[in-house]
>>> print(open('my_file.tsv').read())   # TSV, C-alpha atoms
chain	number	residue	atom	x	y	z
T	1	MET	CA	-11.93	17.11	4.36
T	2	LYS	CA	-10.03	15.88	7.38
T	3	LYS	CA	-6.64	14.21	7.53
T	4	ILE	CA	-4.50	12.31	10.00
T	5	ILE	CA	-0.97	10.93	9.68
T	6	THR	CA	0.28	7.55	10.83
T	7	ASP	CA	3.80	6.20	10.80
T	8	SER	CA	4.40	2.94	8.95
T	9	PRO	CA	7.25	0.90	7.50
T	10	LEU	CA	6.46	2.77	4.27
T	11	GLY	CA	7.03	6.13	5.95
T	12	LYS	CA	4.35	8.59	6.94
T	13	LEU	CA	0.90	7.82	5.53
T	14	VAL	CA	-1.86	10.42	5.26
T	15	ILE	CA	-5.42	9.14	5.73
T	16	VAL	CA	-8.14	11.36	4.27
T	17	GLU	CA	-11.79	11.40	5.32
T	18	GLU	CA	-14.61	13.11	3.45
T	19	GLU	CA	-18.25	12.88	4.50
T	20	GLY	CA	-17.70	9.85	6.72
T	21	MET	CA	-15.73	7.85	4.12
T	22	ILE	CA	-12.02	7.16	3.60
T	23	THR	CA	-11.16	8.68	0.23
T	24	GLU	CA	-7.38	8.51	0.18
T	25	ILE	CA	-4.36	6.99	1.86
T	26	TYR	CA	-1.03	8.12	0.49
T	27	ALA	CA	2.61	8.41	1.48
T	28	THR	CA	4.04	11.79	2.37
T	29	ALA	CA	7.14	13.36	3.79
T	30	LYS	CA	5.86	16.91	4.05
T	31	GLU	CA	2.32	17.14	5.36
T	32	HIS	CA	1.50	17.51	9.03
T	33	PHE	CA	-2.27	17.32	9.31
T	34	ILE	CA	-3.93	16.07	12.43
T	35	SER	CA	-7.65	15.56	12.76
T	36	GLU	CA	-9.06	13.22	15.33
T	37	THR	CA	-12.40	12.08	14.02
T	38	PRO	CA	-13.55	8.64	15.13
T	39	LEU	CA	-13.20	7.32	11.57
T	40	LEU	CA	-9.67	8.64	11.08
T	41	LEU	CA	-8.57	7.28	14.43
T	42	ASP	CA	-10.09	3.90	13.54
T	43	ALA	CA	-8.36	3.90	10.13
T	44	LYS	CA	-5.06	4.79	11.78
T	45	ARG	CA	-5.52	1.98	14.33
T	46	GLN	CA	-6.37	-0.55	11.61
T	47	LEU	CA	-3.30	0.42	9.56
T	48	GLU	CA	-1.08	0.16	12.63
T	49	GLU	CA	-2.52	-3.30	13.37
T	50	TYR	CA	-1.90	-4.35	9.75
T	51	PHE	CA	1.74	-3.26	9.91
T	52	GLN	CA	2.13	-5.11	13.25
T	53	LYS	CA	0.71	-8.28	11.59
T	54	GLN	CA	-2.35	-8.21	13.83
T	55	ARG	CA	-4.86	-7.49	11.03
T	56	LYS	CA	-5.42	-9.13	7.65
T	57	THR	CA	-8.53	-7.29	6.50
T	58	PHE	CA	-9.79	-3.74	6.87
T	59	ASP	CA	-13.24	-2.69	7.96
T	60	LEU	CA	-13.52	0.89	6.75
T	61	PRO	CA	-16.06	2.76	4.65
T	62	LEU	CA	-14.20	3.50	1.40
T	63	PHE	CA	-15.02	5.97	-1.33
T	64	PRO	CA	-12.08	6.11	-3.74
T	65	LYS	CA	-12.42	8.78	-6.40
T	66	GLY	CA	-11.86	7.62	-9.96
T	67	THR	CA	-13.45	6.59	-13.22
T	68	PRO	CA	-16.05	3.81	-13.31
T	69	TYR	CA	-13.41	1.49	-14.82
T	70	GLN	CA	-10.86	2.32	-12.10
T	71	LYS	CA	-13.49	1.71	-9.42
T	72	GLN	CA	-14.32	-1.66	-11.00
T	73	VAL	CA	-10.64	-2.65	-10.87
T	74	TRP	CA	-10.27	-1.43	-7.29
T	75	GLN	CA	-13.34	-3.43	-6.22
T	76	GLU	CA	-11.74	-6.54	-7.70
T	77	LEU	CA	-8.46	-5.84	-5.89
T	78	LEU	CA	-10.35	-5.90	-2.60
T	79	LYS	CA	-11.11	-9.58	-3.30
T	80	ILE	CA	-7.43	-10.62	-3.35
T	81	PRO	CA	-6.83	-12.30	0.03
T	82	TYR	CA	-4.09	-11.25	2.42
T	83	GLY	CA	-0.83	-12.99	1.53
T	84	LYS	CA	-1.99	-13.87	-2.00
T	85	VAL	CA	-1.28	-12.25	-5.36
T	86	ALA	CA	-2.99	-12.01	-8.74
T	87	THR	CA	-1.64	-10.93	-12.10
T	88	TYR	CA	-2.82	-7.88	-14.01
T	89	GLY	CA	-4.19	-10.27	-16.64
T	90	GLU	CA	-6.13	-12.28	-14.06
T	91	ILE	CA	-7.75	-9.11	-12.74
T	92	ALA	CA	-8.58	-8.04	-16.30
T	93	LYS	CA	-10.30	-11.38	-16.96
T	94	ARG	CA	-12.24	-11.19	-13.70
T	95	ILE	CA	-13.73	-7.84	-14.67
T	96	GLY	CA	-14.62	-9.04	-18.18
T	97	ASN	CA	-11.77	-7.34	-20.05
T	98	PRO	CA	-9.42	-10.25	-20.88
T	99	LEU	CA	-7.09	-8.09	-22.99
T	100	GLY	CA	-7.00	-5.28	-20.43
T	101	ALA	CA	-3.90	-6.10	-18.38
T	102	ARG	CA	-2.34	-2.73	-19.19
T	103	SER	CA	-5.47	-0.79	-18.32
T	104	VAL	CA	-5.66	-2.71	-15.03
T	105	GLY	CA	-2.07	-1.60	-14.40
T	106	GLY	CA	-3.10	1.98	-15.10
T	107	ALA	CA	-5.98	1.72	-12.63
T	108	CYS	CA	-3.65	0.23	-10.01
T	109	ASN	CA	-1.28	3.16	-10.53
T	110	LYS	CA	-4.12	5.59	-9.79
T	111	ASN	CA	-5.33	3.76	-6.66
T	112	PRO	CA	-5.96	6.55	-4.12
T	113	ILE	CA	-6.25	4.27	-1.06
T	114	MET	CA	-2.94	2.45	-0.85
T	115	VAL	CA	-2.55	-0.63	1.36
T	116	VAL	CA	-6.30	-0.91	2.10
T	117	ILE	CA	-7.10	-1.35	-1.61
T	118	PRO	CA	-4.27	-3.83	-2.15
T	119	CYS	CA	-2.78	-2.96	-5.53
T	120	HIS	CA	0.52	-4.19	-4.07
T	121	ARG	CA	-0.91	-7.73	-4.47
T	122	VAL	CA	-0.97	-7.43	-8.27
T	123	ILE	CA	2.09	-8.77	-10.08
T	124	GLY	CA	3.30	-9.35	-13.64
T	125	LYS	CA	2.33	-12.49	-15.56
T	126	THR	CA	5.80	-13.99	-15.03
T	127	GLY	CA	5.53	-13.52	-11.27
T	128	ASN	CA	7.79	-10.49	-11.26
T	129	LEU	CA	7.02	-7.40	-9.24
T	130	THR	CA	6.05	-4.70	-11.69
T	131	GLY	CA	4.83	-1.19	-11.14
T	132	TYR	CA	3.85	0.39	-7.87
T	133	ALA	CA	3.15	4.09	-7.54
T	134	GLU	CA	5.14	4.26	-4.29
T	135	GLY	CA	8.09	2.27	-5.69
T	136	LEU	CA	8.85	-1.42	-6.07
T	137	ASP	CA	10.78	-1.46	-2.79
T	138	LYS	CA	7.57	-0.58	-0.94
T	139	LYS	CA	5.57	-3.14	-2.90
T	140	GLU	CA	8.14	-5.77	-1.97
T	141	LEU	CA	7.99	-4.68	1.68
T	142	LEU	CA	4.19	-5.07	1.77
T	143	LEU	CA	4.25	-8.48	0.10
T	144	LYS	CA	7.01	-9.65	2.45
T	145	LEU	CA	5.05	-8.37	5.45
T	146	GLU	CA	2.05	-10.42	4.34
T	147	SER	CA	4.06	-13.55	3.62
T	148	ASP	CA	5.94	-13.63	6.95
T	149	LEU	CA	3.30	-14.99	9.28
>>> encode(input="my_file.tsv", output="structure tokens")
Amino acid sequence: MKKIITDSPLGKLVIVEEEGMITEIYATAKEHFISETPLLLDAKRQLEEYFQKQRKTFDLPLFPKGTPYQKQVWQELLKIPYGKVATYGEIAKRIGNPLGARSVGGACNKNPIMVVIPCHRVIGKTGNLTGYAEGLDKKELLLKLESDL
């Protein structure tokens, strides 16, 4: 397992690589890992470009660790376009679980690859910002970043 840190408007983000795949991106205040593999440097560059509004999609090999259901939800999240949002209920319907809005929320909460798997683009059915593992202020920051073109 190799890790690198990048600065972002969300604070320091740790990018984790295992066997040539990105397995995690998470916020930290404590860790100080530096590995300079080509993949980690590319992931860092892509995140920096995203935060500078120069990138709308990511091109990284991803391997998030989770249950089959969580992985199904995360795959669906990858289909939400930059600058757009979907509700938990809409995601639940898209994966064939129309009554599963809460379980979609649970999967979003366990998303190990923040920003790249865009759980920040999932909102409540009334349009309100609800739930984000890193805090609603960070979810709002990401949505604002994507809406200010």
>>> closest_residue(input="my_file.tsv", among="T:Gln54, T:Pro64, T:Lys30, T:Glu49", to="Glu17 (chain T)", atoms="only C-alpha atoms")
T:Pro64
>>> residues_around(input="my_file.tsv", residues="region 88-97 of chain T", least_positions_apart="3", cutoff="12 Å", atoms="all atoms listed in the file", output="PyMOL selection string")
chain T and resi 68-80+85+100-109+119-131
>>> write_last_selection(input="my_file.tsv", atoms="C-alpha atoms", output="PDB file, keeping the file's coordinate frame")
ATOM      1  CA  PRO T  68     -16.050   3.810 -13.310  1.00  0.00           C
ATOM      2  CA  TYR T  69     -13.410   1.490 -14.820  1.00  0.00           C
ATOM      3  CA  GLN T  70     -10.860   2.320 -12.100  1.00  0.00           C
ATOM      4  CA  LYS T  71     -13.490   1.710  -9.420  1.00  0.00           C
ATOM      5  CA  GLN T  72     -14.320  -1.660 -11.000  1.00  0.00           C
ATOM      6  CA  VAL T  73     -10.640  -2.650 -10.870  1.00  0.00           C
ATOM      7  CA  TRP T  74     -10.270  -1.430  -7.290  1.00  0.00           C
ATOM      8  CA  GLN T  75     -13.340  -3.430  -6.220  1.00  0.00           C
ATOM      9  CA  GLU T  76     -11.740  -6.540  -7.700  1.00  0.00           C
ATOM     10  CA  LEU T  77      -8.460  -5.840  -5.890  1.00  0.00           C
ATOM     11  CA  LEU T  78     -10.350  -5.900  -2.600  1.00  0.00           C
ATOM     12  CA  LYS T  79     -11.110  -9.580  -3.300  1.00  0.00           C
ATOM     13  CA  ILE T  80      -7.430 -10.620  -3.350  1.00  0.00           C
ATOM     14  CA  VAL T  85      -1.280 -12.250  -5.360  1.00  0.00           C
ATOM     15  CA  GLY T 100      -7.000  -5.280 -20.430  1.00  0.00           C
ATOM     16  CA  ALA T 101      -3.900  -6.100 -18.380  1.00  0.00           C
ATOM     17  CA  ARG T 102      -2.340  -2.730 -19.190  1.00  0.00           C
ATOM     18  CA  SER T 103      -5.470  -0.790 -18.320  1.00  0.00           C
ATOM     19  CA  VAL T 104      -5.660  -2.710 -15.030  1.00  0.00           C
ATOM     20  CA  GLY T 105      -2.070  -1.600 -14.400  1.00  0.00           C
ATOM     21  CA  GLY T 106      -3.100   1.980 -15.100  1.00  0.00           C
ATOM     22  CA  ALA T 107      -5.980   1.720 -12.630  1.00  0.00           C
ATOM     23  CA  CYS T 108      -3.650   0.230 -10.010  1.00  0.00           C
ATOM     24  CA  ASN T 109      -1.280   3.160 -10.530  1.00  0.00           C
ATOM     25  CA  CYS T 119      -2.780  -2.960  -5.530  1.00  0.00           C
ATOM     26  CA  HIS T 120       0.520  -4.190  -4.070  1.00  0.00           C
ATOM     27  CA  ARG T 121      -0.910  -7.730  -4.470  1.00  0.00           C
ATOM     28  CA  VAL T 122      -0.970  -7.430  -8.270  1.00  0.00           C
ATOM     29  CA  ILE T 123       2.090  -8.770 -10.080  1.00  0.00           C
ATOM     30  CA  GLY T 124       3.300  -9.350 -13.640  1.00  0.00           C
ATOM     31  CA  LYS T 125       2.330 -12.490 -15.560  1.00  0.00           C
ATOM     32  CA  THR T 126       5.800 -13.990 -15.030  1.00  0.00           C
ATOM     33  CA  GLY T 127       5.530 -13.520 -11.270  1.00  0.00           C
ATOM     34  CA  ASN T 128       7.790 -10.490 -11.260  1.00  0.00           C
ATOM     35  CA  LEU T 129       7.020  -7.400  -9.240  1.00  0.00           C
ATOM     36  CA  THR T 130       6.050  -4.700 -11.690  1.00  0.00           C
ATOM     37  CA  GLY T 131       4.830  -1.190 -11.140  1.00  0.00           C
TER      38      GLY T 131
END
>>> residues_near_point(input="my_file.tsv", point="(9.3, 2.3, -3.4)", cutoff="12 Å", atoms="only C-alpha atoms", output="PDB file with C-alpha atoms, in the frame of the given file")
ATOM      1  CA  PRO T   9       7.250   0.900   7.500  1.00  0.00           C
ATOM      2  CA  LEU T  10       6.460   2.770   4.270  1.00  0.00           C
ATOM      3  CA  GLY T  11       7.030   6.130   5.950  1.00  0.00           C
ATOM      4  CA  ALA T  27       2.610   8.410   1.480  1.00  0.00           C
ATOM      5  CA  HIS T 120       0.520  -4.190  -4.070  1.00  0.00           C
ATOM      6  CA  LEU T 129       7.020  -7.400  -9.240  1.00  0.00           C
ATOM      7  CA  THR T 130       6.050  -4.700 -11.690  1.00  0.00           C
ATOM      8  CA  GLY T 131       4.830  -1.190 -11.140  1.00  0.00           C
ATOM      9  CA  TYR T 132       3.850   0.390  -7.870  1.00  0.00           C
ATOM     10  CA  ALA T 133       3.150   4.090  -7.540  1.00  0.00           C
ATOM     11  CA  GLU T 134       5.140   4.260  -4.290  1.00  0.00           C
ATOM     12  CA  GLY T 135       8.090   2.270  -5.690  1.00  0.00           C
ATOM     13  CA  LEU T 136       8.850  -1.420  -6.070  1.00  0.00           C
ATOM     14  CA  ASP T 137      10.780  -1.460  -2.790  1.00  0.00           C
ATOM     15  CA  LYS T 138       7.570  -0.580  -0.940  1.00  0.00           C
ATOM     16  CA  LYS T 139       5.570  -3.140  -2.900  1.00  0.00           C
ATOM     17  CA  GLU T 140       8.140  -5.770  -1.970  1.00  0.00           C
ATOM     18  CA  LEU T 141       7.990  -4.680   1.680  1.00  0.00           C
ATOM     19  CA  LEU T 142       4.190  -5.070   1.770  1.00  0.00           C
TER      20      LEU T 142
END
>>> closest_residue(input="my_file.tsv", among="T:Ile117, T:Leu13, T:Ile25, T:Ile5", to="Thr57 (chain T)", atoms="only C-alpha atoms")
T:Ile117
>>> residues_around(input="my_file.tsv", residues="Glu146 (chain T)", least_positions_apart="4", cutoff="8 Å", atoms="all atoms listed in the file", output="list in words")
Lys53, Tyr82, Gly83 and Leu142 of chain T
>>> atom_distance(input="my_file.tsv", atom1="CA of Lys44 (chain T)", atom2="CA of Ser8 (chain T)")
10.0 Å
>>> atom_distance(input="my_file.tsv", atom1="CA of Val116 (chain T)", atom2="CA of Pro38 (chain T)")
17.7 Å
>>> atom_distance(input="my_file.tsv", atom1="CA of Arg55 (chain T)", atom2="CA of Asn111 (chain T)")
21.0 Å
>>> closest_residue(input="my_file.tsv", among="T:Pro61, T:Gln46, T:Ile113, T:Ala86", to="Val14 (chain T)", atoms="all atoms listed in the file")
T:Ile113
>>> closest_residue(input="my_file.tsv", among="T:Pro112, T:Leu60, T:Lys2, T:Leu99", to="Thr23 (chain T)", atoms="only C-alpha atoms")
T:Pro112
>>> closest_residue(input="my_file.tsv", among="T:Val115, T:Asp7, T:Lys12, T:Gln52", to="Thr28 (chain T)", atoms="all atoms listed in the file")
T:Lys12
>>> closest_residue(input="my_file.tsv", among="T:Leu62, T:Ile15, T:Leu145, T:Met21", to="Tyr50 (chain T)", atoms="only C-alpha atoms")
T:Leu145
>>> decode(input="my_file.tsv", residues="region 115-126 of chain T", atoms="all heavy atoms", output="PDB file, in the first residue's frame")
ATOM      1  N   VAL T 115     -14.672  12.465  -3.550  1.00  0.00           N
ATOM      2  CA  VAL T 115     -14.512  13.380  -4.680  1.00  0.00           C
ATOM      3  C   VAL T 115     -14.577  12.619  -6.006  1.00  0.00           C
ATOM      4  O   VAL T 115     -15.417  12.913  -6.835  1.00  0.00           O
ATOM      5  CB  VAL T 115     -13.229  14.248  -4.609  1.00  0.00           C
ATOM      6  CG1 VAL T 115     -13.157  15.194  -5.799  1.00  0.00           C
ATOM      7  CG2 VAL T 115     -13.177  15.030  -3.304  1.00  0.00           C
ATOM      8  N   VAL T 116     -13.702  11.624  -6.207  1.00  0.00           N
ATOM      9  CA  VAL T 116     -13.671  10.899  -7.481  1.00  0.00           C
ATOM     10  C   VAL T 116     -14.954  10.084  -7.657  1.00  0.00           C
ATOM     11  O   VAL T 116     -15.556  10.097  -8.731  1.00  0.00           O
ATOM     12  CB  VAL T 116     -12.419   9.999  -7.567  1.00  0.00           C
ATOM     13  CG1 VAL T 116     -12.439   9.154  -8.828  1.00  0.00           C
ATOM     14  CG2 VAL T 116     -11.158  10.862  -7.522  1.00  0.00           C
ATOM     15  N   ILE T 117     -15.386   9.368  -6.624  1.00  0.00           N
ATOM     16  CA  ILE T 117     -16.717   8.754  -6.621  1.00  0.00           C
ATOM     17  C   ILE T 117     -17.603   9.804  -5.956  1.00  0.00           C
ATOM     18  O   ILE T 117     -17.529  10.015  -4.750  1.00  0.00           O
ATOM     19  CB  ILE T 117     -16.748   7.413  -5.864  1.00  0.00           C
ATOM     20  CG1 ILE T 117     -15.819   6.406  -6.542  1.00  0.00           C
ATOM     21  CG2 ILE T 117     -18.189   6.879  -5.802  1.00  0.00           C
ATOM     22  CD1 ILE T 117     -15.720   5.059  -5.832  1.00  0.00           C
ATOM     23  N   PRO T 118     -18.411  10.507  -6.746  1.00  0.00           N
ATOM     24  CA  PRO T 118     -19.016  11.764  -6.296  1.00  0.00           C
ATOM     25  C   PRO T 118     -20.270  11.628  -5.426  1.00  0.00           C
ATOM     26  O   PRO T 118     -21.363  12.051  -5.813  1.00  0.00           O
ATOM     27  CB  PRO T 118     -19.331  12.463  -7.616  1.00  0.00           C
ATOM     28  CG  PRO T 118     -19.655  11.341  -8.550  1.00  0.00           C
ATOM     29  CD  PRO T 118     -18.706  10.234  -8.156  1.00  0.00           C
ATOM     30  N   CYS T 119     -20.104  11.092  -4.226  1.00  0.00           N
ATOM     31  CA  CYS T 119     -21.258  11.011  -3.331  1.00  0.00           C
ATOM     32  C   CYS T 119     -21.728  12.404  -2.907  1.00  0.00           C
ATOM     33  O   CYS T 119     -22.865  12.566  -2.473  1.00  0.00           O
ATOM     34  CB  CYS T 119     -20.957  10.128  -2.130  1.00  0.00           C
ATOM     35  SG  CYS T 119     -19.554  10.653  -1.163  1.00  0.00           S
ATOM     36  N   HIS T 120     -20.880  13.416  -3.092  1.00  0.00           N
ATOM     37  CA  HIS T 120     -21.291  14.786  -2.779  1.00  0.00           C
ATOM     38  C   HIS T 120     -22.400  15.267  -3.718  1.00  0.00           C
ATOM     39  O   HIS T 120     -23.087  16.236  -3.414  1.00  0.00           O
ATOM     40  CB  HIS T 120     -20.092  15.746  -2.831  1.00  0.00           C
ATOM     41  CG  HIS T 120     -19.425  15.827  -4.159  1.00  0.00           C
ATOM     42  ND1 HIS T 120     -18.479  14.902  -4.570  1.00  0.00           N
ATOM     43  CD2 HIS T 120     -19.564  16.710  -5.182  1.00  0.00           C
ATOM     44  CE1 HIS T 120     -18.062  15.225  -5.784  1.00  0.00           C
ATOM     45  NE2 HIS T 120     -18.702  16.314  -6.186  1.00  0.00           N
ATOM     46  N   ARG T 121     -22.602  14.574  -4.839  1.00  0.00           N
ATOM     47  CA  ARG T 121     -23.635  14.962  -5.803  1.00  0.00           C
ATOM     48  C   ARG T 121     -24.996  14.342  -5.480  1.00  0.00           C
ATOM     49  O   ARG T 121     -25.932  14.483  -6.257  1.00  0.00           O
ATOM     50  CB  ARG T 121     -23.207  14.566  -7.218  1.00  0.00           C
ATOM     51  CG  ARG T 121     -21.974  15.303  -7.693  1.00  0.00           C
ATOM     52  CD  ARG T 121     -21.554  14.899  -9.080  1.00  0.00           C
ATOM     53  NE  ARG T 121     -20.264  15.497  -9.412  1.00  0.00           N
ATOM     54  CZ  ARG T 121     -19.396  14.982 -10.258  1.00  0.00           C
ATOM     55  NH1 ARG T 121     -19.679  13.861 -10.903  1.00  0.00           N
ATOM     56  NH2 ARG T 121     -18.241  15.568 -10.482  1.00  0.00           N
ATOM     57  N   VAL T 122     -25.109  13.668  -4.356  1.00  0.00           N
ATOM     58  CA  VAL T 122     -26.377  13.045  -3.972  1.00  0.00           C
ATOM     59  C   VAL T 122     -27.011  13.891  -2.871  1.00  0.00           C
ATOM     60  O   VAL T 122     -26.371  14.210  -1.866  1.00  0.00           O
ATOM     61  CB  VAL T 122     -26.165  11.591  -3.503  1.00  0.00           C
ATOM     62  CG1 VAL T 122     -27.514  10.925  -3.217  1.00  0.00           C
ATOM     63  CG2 VAL T 122     -25.397  10.786  -4.556  1.00  0.00           C
ATOM     64  N   ILE T 123     -28.273  14.259  -3.099  1.00  0.00           N
ATOM     65  CA  ILE T 123     -28.979  15.165  -2.196  1.00  0.00           C
ATOM     66  C   ILE T 123     -30.296  14.539  -1.738  1.00  0.00           C
ATOM     67  O   ILE T 123     -30.740  13.529  -2.282  1.00  0.00           O
ATOM     68  CB  ILE T 123     -29.246  16.524  -2.872  1.00  0.00           C
ATOM     69  CG1 ILE T 123     -30.120  16.343  -4.125  1.00  0.00           C
ATOM     70  CG2 ILE T 123     -27.928  17.215  -3.227  1.00  0.00           C
ATOM     71  CD1 ILE T 123     -30.580  17.643  -4.765  1.00  0.00           C
ATOM     72  N   GLY T 124     -30.935  15.185  -0.767  1.00  0.00           N
ATOM     73  CA  GLY T 124     -32.234  14.731  -0.276  1.00  0.00           C
ATOM     74  C   GLY T 124     -33.334  14.982  -1.289  1.00  0.00           C
ATOM     75  O   GLY T 124     -33.179  15.797  -2.210  1.00  0.00           O
ATOM     76  N   LYS T 125     -34.466  14.310  -1.119  1.00  0.00           N
ATOM     77  CA  LYS T 125     -35.559  14.402  -2.099  1.00  0.00           C
ATOM     78  C   LYS T 125     -36.150  15.799  -2.200  1.00  0.00           C
ATOM     79  O   LYS T 125     -36.722  16.158  -3.211  1.00  0.00           O
ATOM     80  CB  LYS T 125     -36.644  13.373  -1.806  1.00  0.00           C
ATOM     81  CG  LYS T 125     -37.415  13.599  -0.538  1.00  0.00           C
ATOM     82  CD  LYS T 125     -38.460  12.527  -0.339  1.00  0.00           C
ATOM     83  CE  LYS T 125     -39.150  12.686   0.996  1.00  0.00           C
ATOM     84  NZ  LYS T 125     -40.113  11.616   1.212  1.00  0.00           N
ATOM     85  N   THR T 126     -35.977  16.619  -1.150  1.00  0.00           N
ATOM     86  CA  THR T 126     -36.496  17.991  -1.204  1.00  0.00           C
ATOM     87  C   THR T 126     -35.480  18.969  -1.791  1.00  0.00           C
ATOM     88  O   THR T 126     -35.745  20.163  -1.877  1.00  0.00           O
ATOM     89  CB  THR T 126     -36.883  18.473   0.216  1.00  0.00           C
ATOM     90  OG1 THR T 126     -35.705  18.469   1.028  1.00  0.00           O
ATOM     91  CG2 THR T 126     -37.961  17.599   0.827  1.00  0.00           C
TER      92      THR T 126
END
